[in-house]
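> Take a look at structure.cif, mmCIF, C-alpha atoms:
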data_coords
loop_
_atom_site.group_PDB
_atom_site.id
_atom_site.type_symbol
_atom_site.label_atom_id
_atom_site.label_comp_id
_atom_site.auth_asym_id
_atom_site.auth_seq_id
_atom_site.Cartn_x
_atom_site.Cartn_y
_atom_site.Cartn_z
ATOM 1 C CA MET A 283 40.271 35.325 100.312
ATOM 2 C CA VAL A 284 43.624 35.692 102.040
ATOM 3 C CA THR A 285 46.607 36.092 99.716
ATOM 4 C CA PRO A 286 49.682 34.230 100.989
ATOM 5 C CA THR A 287 53.067 35.963 100.890
ATOM 6 C CA GLY A 288 54.888 32.759 99.999
ATOM 7 C CA VAL A 289 54.476 31.861 96.339
ATOM 8 C CA ASP A 290 57.744 29.933 95.918
ATOM 9 C CA THR A 291 60.530 28.459 98.059
ATOM 10 C CA ILE A 292 62.332 31.740 98.756
ATOM 11 C CA THR A 293 59.217 33.798 99.607
ATOM 12 C CA SER A 294 57.899 30.932 101.727
ATOM 13 C CA ILE A 295 60.977 30.688 103.951
ATOM 14 C CA SER A 296 61.960 34.385 104.044
ATOM 15 C CA ARG A 297 60.489 37.389 105.773
ATOM 16 C CA ARG A 298 60.531 41.061 104.817
ATOM 17 C CA VAL A 299 63.193 43.254 106.409
ATOM 18 C CA ILE A 300 61.293 46.068 108.132
ATOM 19 C CA ARG A 301 63.160 49.043 109.592
ATOM 20 C CA GLU A 302 62.298 49.692 113.223
ATOM 21 C CA GLU A 303 62.199 53.463 112.739
ATOM 22 C CA ALA A 304 59.274 55.168 110.999
ATOM 23 C CA THR A 305 60.235 58.166 108.864
ATOM 24 C CA ASP A 306 58.182 61.287 109.557
ATOM 25 C CA VAL A 307 57.301 62.849 106.197
ATOM 26 C CA PHE A 308 54.241 64.758 107.433
ATOM 27 C CA TYR A 309 54.903 66.776 110.594
ATOM 28 C CA LEU A 310 56.900 69.933 109.960
ATOM 29 C CA GLY A 311 58.249 70.570 113.435
ATOM 30 C CA SER A 312 58.039 73.949 115.148
ATOM 31 C CA PRO A 313 61.359 75.244 116.537
ATOM 32 C CA PHE A 314 59.692 78.082 118.438
ATOM 33 C CA THR A 315 57.263 75.673 120.115
ATOM 34 C CA TYR A 316 60.234 73.419 120.905
ATOM 35 C CA ARG A 317 61.957 76.356 122.606
ATOM 36 C CA LEU A 318 58.827 77.207 124.594
ATOM 37 C CA PHE A 319 58.552 73.662 125.920
ATOM 38 C CA ARG A 320 62.265 73.585 126.752
ATOM 39 C CA MET A 321 62.749 77.064 128.254
ATOM 40 C CA ASN A 322 59.376 78.656 129.034
ATOM 41 C CA ARG A 323 57.176 75.783 130.198
ATOM 42 C CA VAL A 324 55.622 76.461 133.608
ATOM 43 C CA VAL A 325 53.416 73.869 135.311
ATOM 44 C CA ARG A 326 50.601 75.176 137.499
ATOM 45 C CA ARG A 327 48.238 73.220 139.692
ATOM 46 C CA GLY A 328 45.005 74.786 138.499
ATOM 47 C CA GLY A 329 42.677 77.663 139.244
ATOM 48 C CA LEU A 330 39.744 79.446 137.635
ATOM 49 C CA HIS A 331 42.071 80.900 135.023
ATOM 50 C CA ILE A 332 45.644 82.173 134.665
ATOM 51 C CA GLU A 333 46.438 85.652 135.994
ATOM 52 C CA SER A 334 49.555 87.801 136.009
ATOM 53 C CA ARG A 335 50.191 91.262 137.445
ATOM 54 C CA PHE A 336 51.516 94.160 135.374
ATOM 55 C CA ILE A 337 53.360 97.126 136.914
ATOM 56 C CA TYR A 338 52.047 99.594 134.371
ATOM 57 C CA GLN A 339 52.734 103.024 135.912
ATOM 58 C CA GLY A 340 55.145 104.685 138.331
ATOM 59 C CA TRP A 341 54.756 105.967 141.883
ATOM 60 C CA ALA A 342 52.459 108.991 141.955
ATOM 61 C CA THR A 343 54.157 110.649 144.917
ATOM 62 C CA GLY A 344 57.666 111.255 146.209
ATOM 63 C CA GLY A 345 60.483 113.349 144.788
ATOM 64 C CA ALA A 346 62.367 116.477 145.652
ATOM 65 C CA PHE A 347 61.123 118.742 148.445
ATOM 66 C CA TYR A 348 62.397 121.706 150.481
ATOM 67 C CA GLY A 349 62.581 122.060 154.239
ATOM 68 C CA PRO A 350 59.278 121.930 156.148
ATOM 69 C CA GLU A 351 57.168 121.486 152.984
ATOM 70 C CA VAL A 352 54.047 119.328 153.506
ATOM 71 C CA LEU A 353 54.618 116.060 151.673
ATOM 72 C CA ASN A 354 52.098 114.097 149.629
ATOM 73 C CA VAL A 355 51.986 110.646 151.198
ATOM 74 C CA GLU A 356 48.907 109.275 149.457
ATOM 75 C CA PRO A 357 49.226 105.615 148.415
ATOM 76 C CA SER A 358 49.998 104.835 144.784
ATOM 77 C CA ASP A 359 48.185 102.265 142.652
ATOM 78 C CA THR A 360 50.667 100.903 140.131
ATOM 79 C CA GLU A 361 49.485 97.396 139.266
ATOM 80 C CA ILE A 362 46.742 95.700 137.303
ATOM 81 C CA SER A 363 46.126 92.048 136.493
ATOM 82 C CA GLY A 364 45.693 90.376 133.137
ATOM 83 C CA ALA A 365 43.899 87.055 132.707
ATOM 84 C CA TRP A 366 44.074 84.152 130.295
ATOM 85 C CA ASP A 367 41.723 81.194 130.017
ATOM 86 C CA TRP A 368 42.753 77.545 130.053
ATOM 87 C CA LYS A 369 42.789 76.133 126.525
ATOM 88 C CA GLU A 370 42.252 72.411 125.994
ATOM 89 C CA TYR A 371 43.533 70.011 123.349
ATOM 90 C CA TYR A 372 43.141 66.273 122.932
ATOM 91 C CA SER A 373 44.279 63.377 120.822
ATOM 92 C CA ASN A 374 42.785 59.910 120.747
ATOM 93 C CA VAL A 375 44.238 56.420 120.493
ATOM 94 C CA THR A 376 41.656 54.029 119.072
ATOM 95 C CA LEU A 377 42.641 50.388 118.614
ATOM 96 C CA ASP A 378 40.459 47.620 117.267
ATOM 97 C CA GLN A 379 40.883 44.048 118.449
ATOM 98 C CA ARG A 380 41.655 42.742 114.977
ATOM 99 C CA SER A 381 44.661 45.057 114.652
ATOM 100 C CA LEU A 382 45.830 44.149 118.157
ATOM 101 C CA ILE A 383 45.877 40.400 117.535
ATOM 102 C CA ARG A 384 47.590 40.847 114.154
ATOM 103 C CA ALA A 385 50.288 43.082 115.667
ATOM 104 C CA ASP A 386 50.921 40.624 118.511
ATOM 105 C CA SER A 387 53.633 38.688 116.712
ATOM 106 C CA GLU A 388 57.217 37.649 117.390
ATOM 107 C CA TYR A 389 58.058 39.264 114.056
ATOM 108 C CA ALA A 390 56.703 42.688 115.026
ATOM 109 C CA VAL A 391 59.397 45.386 114.886
ATOM 110 C CA ALA A 392 57.547 47.786 117.202
ATOM 111 C CA ASN A 393 55.037 47.688 120.026
ATOM 112 C CA TYR A 394 51.797 48.620 118.289
ATOM 113 C CA VAL A 395 50.111 50.173 121.335
ATOM 114 C CA VAL A 396 53.166 52.171 122.407
ATOM 115 C CA GLU A 397 53.773 53.433 118.872
ATOM 116 C CA GLN A 398 50.155 54.540 118.453
ATOM 117 C CA CYS A 399 50.337 56.461 121.750
ATOM 118 C CA GLU A 400 53.573 58.172 120.693
ATOM 119 C CA LEU A 401 52.107 59.091 117.302
ATOM 120 C CA ALA A 402 49.042 60.544 119.033
ATOM 121 C CA LYS A 403 51.286 62.667 121.266
ATOM 122 C CA MET A 404 53.248 63.818 118.211
ATOM 123 C CA ASP A 405 50.025 64.848 116.516
ATOM 124 C CA LEU A 406 48.881 66.646 119.664
ATOM 125 C CA ARG A 407 52.166 68.591 119.856
ATOM 126 C CA ASP A 408 51.704 69.626 116.235
ATOM 127 C CA LYS A 409 48.171 70.870 116.886
ATOM 128 C CA ILE A 410 49.451 72.854 119.878
ATOM 129 C CA ALA A 411 52.181 74.344 117.664
ATOM 130 C CA TYR A 412 49.572 75.560 115.191
ATOM 131 C CA GLY A 413 47.659 76.976 118.156
ATOM 132 C CA ILE A 414 50.748 78.905 119.256
ATOM 133 C CA TRP A 415 50.822 80.498 115.768
ATOM 134 C CA SER A 416 47.072 81.198 115.670
ATOM 135 C CA ASP A 417 45.289 84.551 115.453
ATOM 136 C CA GLY A 418 42.384 84.168 117.872
ATOM 137 C CA THR A 419 39.806 83.346 115.205
ATOM 138 C CA ASN A 420 39.126 80.054 116.962
ATOM 139 C CA TYR A 421 38.338 81.006 120.555
ATOM 140 C CA LYS A 422 39.062 77.441 121.667
ATOM 141 C CA ALA A 423 42.681 77.598 120.447
ATOM 142 C CA ILE A 424 45.714 78.800 122.389
ATOM 143 C CA ASP A 425 46.188 82.582 122.474
ATOM 144 C CA GLY A 426 48.578 82.606 119.537
ATOM 145 C CA LEU A 427 51.435 84.863 118.483
ATOM 146 C CA TYR A 428 49.408 86.596 115.791
ATOM 147 C CA GLU A 429 47.176 88.154 118.454
ATOM 148 C CA VAL A 430 49.909 88.477 121.088
ATOM 149 C CA VAL A 431 52.259 90.447 118.821
ATOM 150 C CA ASP A 432 49.615 92.944 117.791
ATOM 151 C CA ASN A 433 48.740 96.606 118.342
ATOM 152 C CA GLY A 434 44.965 96.207 118.295
ATOM 153 C CA THR A 435 44.592 95.465 114.592
ATOM 154 C CA ILE A 436 43.756 91.789 115.117
ATOM 155 C CA ASP A 437 42.476 92.001 118.694
ATOM 156 C CA ALA A 438 41.587 95.223 120.504
ATOM 157 C CA ASN A 439 42.076 93.464 123.839
ATOM 158 C CA TYR A 440 44.741 91.244 125.332
ATOM 159 C CA ALA A 441 44.737 89.373 128.636
ATOM 160 C CA GLY A 442 41.241 90.701 129.231
ATOM 161 C CA LEU A 443 42.432 94.325 129.054
ATOM 162 C CA SER A 444 41.937 97.051 126.465
ATOM 163 C CA ARG A 445 45.019 97.814 124.409
ATOM 164 C CA SER A 446 43.787 101.381 123.996
ATOM 165 C CA SER A 447 43.582 101.903 127.756
ATOM 166 C CA TYR A 448 46.859 100.119 128.439
ATOM 167 C CA PRO A 449 49.365 100.871 125.635
ATOM 168 C CA PHE A 450 52.010 98.540 127.107
ATOM 169 C CA LEU A 451 49.881 95.743 125.640
ATOM 170 C CA LYS A 452 50.589 97.014 122.118
ATOM 171 C CA ALA A 453 53.435 95.328 120.256
ATOM 172 C CA GLN A 454 55.632 97.133 117.720
ATOM 173 C CA LEU A 455 54.359 96.622 114.171
ATOM 174 C CA ASP A 456 55.734 97.566 110.759
ATOM 175 C CA THR A 457 52.786 97.357 108.383
ATOM 176 C CA THR A 458 54.245 99.332 105.478
ATOM 177 C CA THR A 459 57.648 97.852 104.617
ATOM 178 C CA THR A 460 57.329 95.505 101.657
ATOM 179 C CA THR A 461 61.012 94.972 100.786
ATOM 180 C CA LEU A 462 63.167 93.551 103.540
ATOM 181 C CA GLY A 463 66.104 95.819 104.302
ATOM 182 C CA MET A 464 68.617 96.356 107.077
ATOM 183 C CA ASN A 465 67.371 99.863 107.932
ATOM 184 C CA ALA A 466 63.787 98.680 108.434
ATOM 185 C CA MET A 467 64.930 95.684 110.465
ATOM 186 C CA ASN A 468 67.166 97.776 112.680
ATOM 187 C CA SER A 469 64.386 100.312 113.257
ATOM 188 C CA LEU A 470 61.805 97.725 114.266
ATOM 189 C CA TRP A 471 64.299 95.914 116.495
ATOM 190 C CA ASP A 472 65.086 99.213 118.241
ATOM 191 C CA LEU A 473 61.378 99.950 118.746
ATOM 192 C CA ALA A 474 60.997 96.546 120.393
ATOM 193 C CA SER A 475 63.942 97.262 122.703
ATOM 194 C CA LYS A 476 63.174 99.016 125.985
ATOM 195 C CA GLY A 477 66.276 99.722 128.055
ATOM 196 C CA ALA A 478 68.151 96.435 128.436
ATOM 197 C CA ARG A 479 65.127 94.495 127.194
ATOM 198 C CA ALA A 480 65.805 93.545 123.585
ATOM 199 C CA PRO A 481 64.488 90.709 121.399
ATOM 200 C CA THR A 482 66.146 87.356 121.974
ATOM 201 C CA ILE A 483 65.202 85.693 118.701
ATOM 202 C CA THR A 484 64.020 86.341 115.150
ATOM 203 C CA VAL A 485 61.390 83.979 113.728
ATOM 204 C CA SER A 486 60.287 84.061 110.108
ATOM 205 C CA THR A 487 59.242 82.097 107.073
ATOM 206 C CA ARG A 488 61.989 80.441 105.056
ATOM 207 C CA ALA A 489 61.535 82.997 102.287
ATOM 208 C CA ASN A 490 62.371 85.870 104.611
ATOM 209 C CA LEU A 491 65.460 84.124 105.993
ATOM 210 C CA THR A 492 66.659 83.720 102.397
ATOM 211 C CA ARG A 493 65.983 87.414 101.717
ATOM 212 C CA TYR A 494 68.015 88.328 104.790
ATOM 213 C CA GLU A 495 70.912 86.104 103.744
ATOM 214 C CA ASN A 496 70.845 87.682 100.289
ATOM 215 C CA LEU A 497 71.137 91.101 101.935
ATOM 216 C CA LEU A 498 74.150 89.956 103.893
ATOM 217 C CA GLN A 499 75.887 88.576 100.828
ATOM 218 C CA ALA A 500 75.369 91.829 98.970
ATOM 219 C CA GLN A 501 76.685 93.954 101.843
ATOM 220 C CA VAL A 502 79.434 91.493 102.900
ATOM 221 C CA GLN A 503 78.688 92.031 106.582
ATOM 222 C CA TYR A 504 77.565 88.625 107.758
ATOM 223 C CA THR A 505 79.562 87.261 110.692
ATOM 224 C CA GLN A 506 78.809 83.749 111.869
ATOM 225 C CA PRO A 507 79.430 83.354 115.621
ATOM 226 C CA THR A 508 82.587 81.359 116.287
ATOM 227 C CA ALA A 509 80.709 79.247 118.828
ATOM 228 C CA VAL A 510 77.102 78.275 119.268
ATOM 229 C CA VAL A 511 75.843 80.675 121.923
ATOM 230 C CA ASP A 512 72.314 79.273 122.080
ATOM 231 C CA GLN A 513 72.214 75.604 123.043
ATOM 232 C CA THR A 514 68.429 75.365 122.701
ATOM 233 C CA PHE A 515 68.832 76.592 119.141
ATOM 234 C CA ALA A 516 71.463 73.950 118.451
ATOM 235 C CA ASN A 517 70.013 71.021 120.376
ATOM 236 C CA GLY A 518 66.667 71.277 118.619
ATOM 237 C CA GLY A 519 68.236 70.272 115.324
ATOM 238 C CA PHE A 520 66.909 73.386 113.595
ATOM 239 C CA SER A 521 68.854 75.481 111.125
ATOM 240 C CA GLY A 522 68.737 79.241 110.705
ATOM 241 C CA GLY A 523 70.929 82.291 110.991
ATOM 242 C CA TRP A 524 71.891 85.143 113.287
ATOM 243 C CA TYR A 525 70.886 88.770 113.571
ATOM 244 C CA ARG A 526 72.337 91.200 116.101
ATOM 245 C CA GLY A 527 73.965 88.302 117.924
ATOM 246 C CA GLN A 528 70.678 86.430 118.430
ATOM 247 C CA PRO A 529 69.415 83.302 116.628
ATOM 248 C CA TRP A 530 67.138 83.490 113.610
ATOM 249 C CA ILE A 531 64.923 80.439 113.119
ATOM 250 C CA VAL A 532 62.457 79.356 110.462
ATOM 251 C CA ASP A 533 59.123 78.047 111.707
ATOM 252 C CA GLU A 534 56.975 76.303 109.118
ATOM 253 C CA HIS A 535 53.870 76.958 111.221
ATOM 254 C CA ILE A 536 53.962 80.669 110.377
ATOM 255 C CA ASN A 537 51.256 81.567 107.884
ATOM 256 C CA PRO A 538 50.322 78.098 106.648
ATOM 257 C CA THR A 539 48.319 79.811 103.880
ATOM 258 C CA GLY A 540 51.568 80.559 102.065
ATOM 259 C CA THR A 541 51.828 84.334 102.538
ATOM 260 C CA GLU A 542 55.451 85.272 103.137
ATOM 261 C CA GLY A 543 54.956 88.669 104.765
ATOM 262 C CA LEU A 544 55.550 87.886 108.419
ATOM 263 C CA LEU A 545 58.757 88.256 110.399
ATOM 264 C CA PHE A 546 58.847 88.380 114.197
ATOM 265 C CA PHE A 547 61.294 89.872 116.691
ATOM 266 C CA LEU A 548 60.458 88.158 119.994
ATOM 267 C CA ASN A 549 61.697 88.604 123.538
ATOM 268 C CA GLU A 550 61.310 85.118 124.983
ATOM 269 C CA ASN A 551 61.931 86.341 128.542
ATOM 270 C CA TYR A 552 58.307 87.504 128.676
ATOM 271 C CA PHE A 553 56.612 84.365 127.373
ATOM 272 C CA GLU A 554 55.324 81.504 129.469
ATOM 273 C CA LEU A 555 53.756 78.302 128.229
ATOM 274 C CA VAL A 556 51.577 77.630 131.255
ATOM 275 C CA VAL A 557 50.588 73.956 131.539
ATOM 276 C CA ASN A 558 48.055 72.570 133.973
ATOM 277 C CA GLN A 559 49.567 69.720 135.983
ATOM 278 C CA ASN A 560 46.403 67.678 135.378
ATOM 279 C CA GLY A 561 46.583 68.329 131.628
ATOM 280 C CA ASP A 562 50.258 67.771 130.871
ATOM 281 C CA PHE A 563 49.787 65.231 128.066
ATOM 282 C CA GLU A 564 47.848 63.007 130.440
ATOM 283 C CA VAL A 565 47.051 59.608 128.910
ATOM 284 C CA GLY A 566 43.712 58.226 130.065
ATOM 285 C CA ASP A 567 42.888 54.577 130.673
ATOM 286 C CA PHE A 568 41.753 52.536 127.695
ATOM 287 C CA GLN A 569 38.013 51.947 127.683
ATOM 288 C CA GLN A 570 35.889 49.600 125.600
ATOM 289 C CA PRO A 571 32.373 50.305 124.305
ATOM 290 C CA THR A 572 29.781 47.688 125.164
ATOM 291 C CA ASN A 573 29.015 46.905 121.514
ATOM 292 C CA GLN A 574 32.455 46.996 119.818
ATOM 293 C CA PHE A 575 35.791 45.232 120.060
ATOM 294 C CA VAL A 576 37.562 48.573 120.203
ATOM 295 C CA ILE A 577 39.510 50.258 122.980
ATOM 296 C CA VAL A 578 39.892 54.041 123.200
ATOM 297 C CA SER A 579 42.174 56.297 125.207
ATOM 298 C CA LEU A 580 42.293 60.098 125.221
ATOM 299 C CA ILE A 581 45.430 62.214 125.656
ATOM 300 C CA TYR A 582 44.683 65.557 127.292
ATOM 301 C CA PHE A 583 46.466 68.924 127.347
ATOM 302 C CA ALA A 584 45.362 72.060 129.190
ATOM 303 C CA GLY A 585 47.324 75.309 129.147
ATOM 304 C CA ASN A 586 47.896 78.566 127.345
ATOM 305 C CA LEU A 587 50.620 80.831 126.028
ATOM 306 C CA ILE A 588 50.908 84.116 127.923
ATOM 307 C CA CYS A 589 53.036 87.170 127.229
ATOM 308 C CA THR A 590 53.689 89.523 130.131
ATOM 309 C CA ASN A 591 55.277 92.319 128.067
ATOM 310 C CA PRO A 592 53.847 92.661 124.530
ATOM 311 C CA GLN A 593 55.454 96.086 123.985
ATOM 312 C CA VAL A 594 58.903 94.471 123.596
ATOM 313 C CA GLN A 595 57.740 92.236 120.740
ATOM 314 C CA GLY A 596 57.886 93.239 117.068
ATOM 315 C CA LYS A 597 56.426 92.090 113.755
ATOM 316 C CA PHE A 598 56.634 92.880 110.052
ATOM 317 C CA THR A 599 53.318 92.186 108.333
ATOM 318 C CA ALA A 600 53.688 93.270 104.696
ATOM 319 C CA LEU A 601 56.974 91.886 103.367
ATOM 320 C CA THR A 602 56.775 90.727 99.761
ATOM 321 C CA SER A 603 60.383 90.781 98.626
#
If you convert what's in this file into structure tokens, what do you get?

Amino acid sequence: MVTPTGVDTITSISRRVIREEATDVFYLGSPFTYRLFRMNRVVRRGGLHIESRFIYQGWATGGAFYGPEVLNVEPSDTEISGAWDWKEYYSNVTLDQRSLIRADSEYAVANYVVEQCELAKMDLRDKIAYGIWSDGTNYKAIDGLYEVVDNGTIDANYAGLSRSSYPFLKAQLDTTTTTLGMNAMNSLWDLASKGARAPTITVSTRANLTRYENLLQAQVQYTQPTAVVDQTFANGGFSGGWYRGQPWIVDEHINPTGTEGLLFFLNENYFELVVNQNGDFEVGDFQQPTNQFVIVSLIYFAGNLICTNPQVQGKFTALTS
């Protein structure tokens, strides 16, 4: 039996006031994923897989010589290619006819179909964000930062190449420091810096940002930049701090199990979020089964996260205090 909303004069002639905006109390948001989509997103047409060339060794010939000396002019082989597979994600929008006719009202505060599509895209972005922070356990997931910023402990290979044979694929890891301190941070940052190539961002759990801020208060050496030097950091609406003149952000997608040990120094110049142009959040046509009053659409993403210089990335793995 249907229960009417009007049980007296007031409830019979009045309607509920419903806010147009829905408050998100579930999705955490991933500032690093936000930055990747804003700064490092590259759309490619397709191909068997994604490949990138590495210049991994210097010229074998050339140099100083004297007079009529016979010179070595043999060709040099300095490059090798790495490869990444396309990774696929989907979200579905499933609408039954009963919900559609009930939502089709002059009193509706939102377009039901449009809102469901936007929510599905939001959920898909969140799943991609967890993929970006994955460790390779699920081979179907994006090649995540846990396996990218690694020295062979999690994955002996990267980009289809052996990390033992090609040491430039090994990131800089600190697996022994348990108490966060300035000396350990400075040392790891320096290890991840090669020439002018230094990390561009620090990403950690909230607990480790708090530990860092406590260090700064004790040593009275924290200097907040007088102006925001990183607009992507500011525009994303994410809070954080600064270390060595670069932004420090908290990403809730790090270690969803609750362990607080991880802290990353990342050089974003060597990351690309490669997106297939035919899988860039493509929304398919709604289709109806022959035996149900239901319509279904699928939203499709195809891409992968690639790092072209793992040796300039750093990670703490054992922080407890």
> Excluding stretch 442-455 of chain A and any residue of its chain fewer than 6 positions from it, enumerate the residues within 7 Å of it, using only C-alpha atoms, and give them as a VMD selection string.
chain A and resid 364 to 365 431 to 434 473 to 474 591 to 598
> Write a file of the just-selected residues containing C-alpha atoms, as a tab-separated table (two decimals), keeping the file's coordinate frame.

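The resulting again-v9.tsv:
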chain	number	residue	atom	x	y	z
A	364	GLY	CA	45.69	90.38	133.14
A	365	ALA	CA	43.90	87.06	132.71
A	431	VAL	CA	52.26	90.45	118.82
A	432	ASP	CA	49.62	92.94	117.79
A	433	ASN	CA	48.74	96.61	118.34
A	434	GLY	CA	44.96	96.21	118.30
A	473	LEU	CA	61.38	99.95	118.75
A	474	ALA	CA	61.00	96.55	120.39
A	591	ASN	CA	55.28	92.32	128.07
A	592	PRO	CA	53.85	92.66	124.53
A	593	GLN	CA	55.45	96.09	123.98
A	594	VAL	CA	58.90	94.47	123.60
A	595	GLN	CA	57.74	92.24	120.74
A	596	GLY	CA	57.89	93.24	117.07
A	597	LYS	CA	56.43	92.09	113.76
A	598	PHE	CA	56.63	92.88	110.05
> When the PyMOL selection byres ((chain A and resi 548) around 8) is applied to the structure above, which residues does it catch, written out as a list of chain:residue names?
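Selected by the PyMOL selection byres ((chain A and resi 548) around 8) in this file: A:Pro481, A:Thr482, A:Ile483, A:Thr484, A:Val485, A:Phe546, A:Phe547, A:Asn549, A:Glu550, A:Val594, A:Gln595, A:Gly596.
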> Take atom CA of A:Tyr412 and atom CA of A:Phe563 and report the distance between them in Å, one decimal.
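Separation of atom CA of A:Tyr412 and atom CA of A:Phe563: 16.5 Å.
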> Here's a test: counting only C-alpha atoms, identify every protein, DNA and RNA residue with an atom at most 12 Å from (55.9, 77.7, 126.1) in the file's coordinate frame, and state them as a ChimeraX atom specification.
/A:312-325,407,410-411,413-415,424-427,550-557,585-589
> Please, which residues are within 8 Å of (56.2, 96.2, 103.2) by the file's coordinates, counting all atoms listed in the file, and could they come as a PyMOL selection string?
chain A and resi 456-462+543+598-602
> Give me, please, the distance in Å between atom CA of A:Ser486 and atom CA of A:Glu534, quoted to one decimal.
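That distance, rounded to one decimal, is 8.5 Å.
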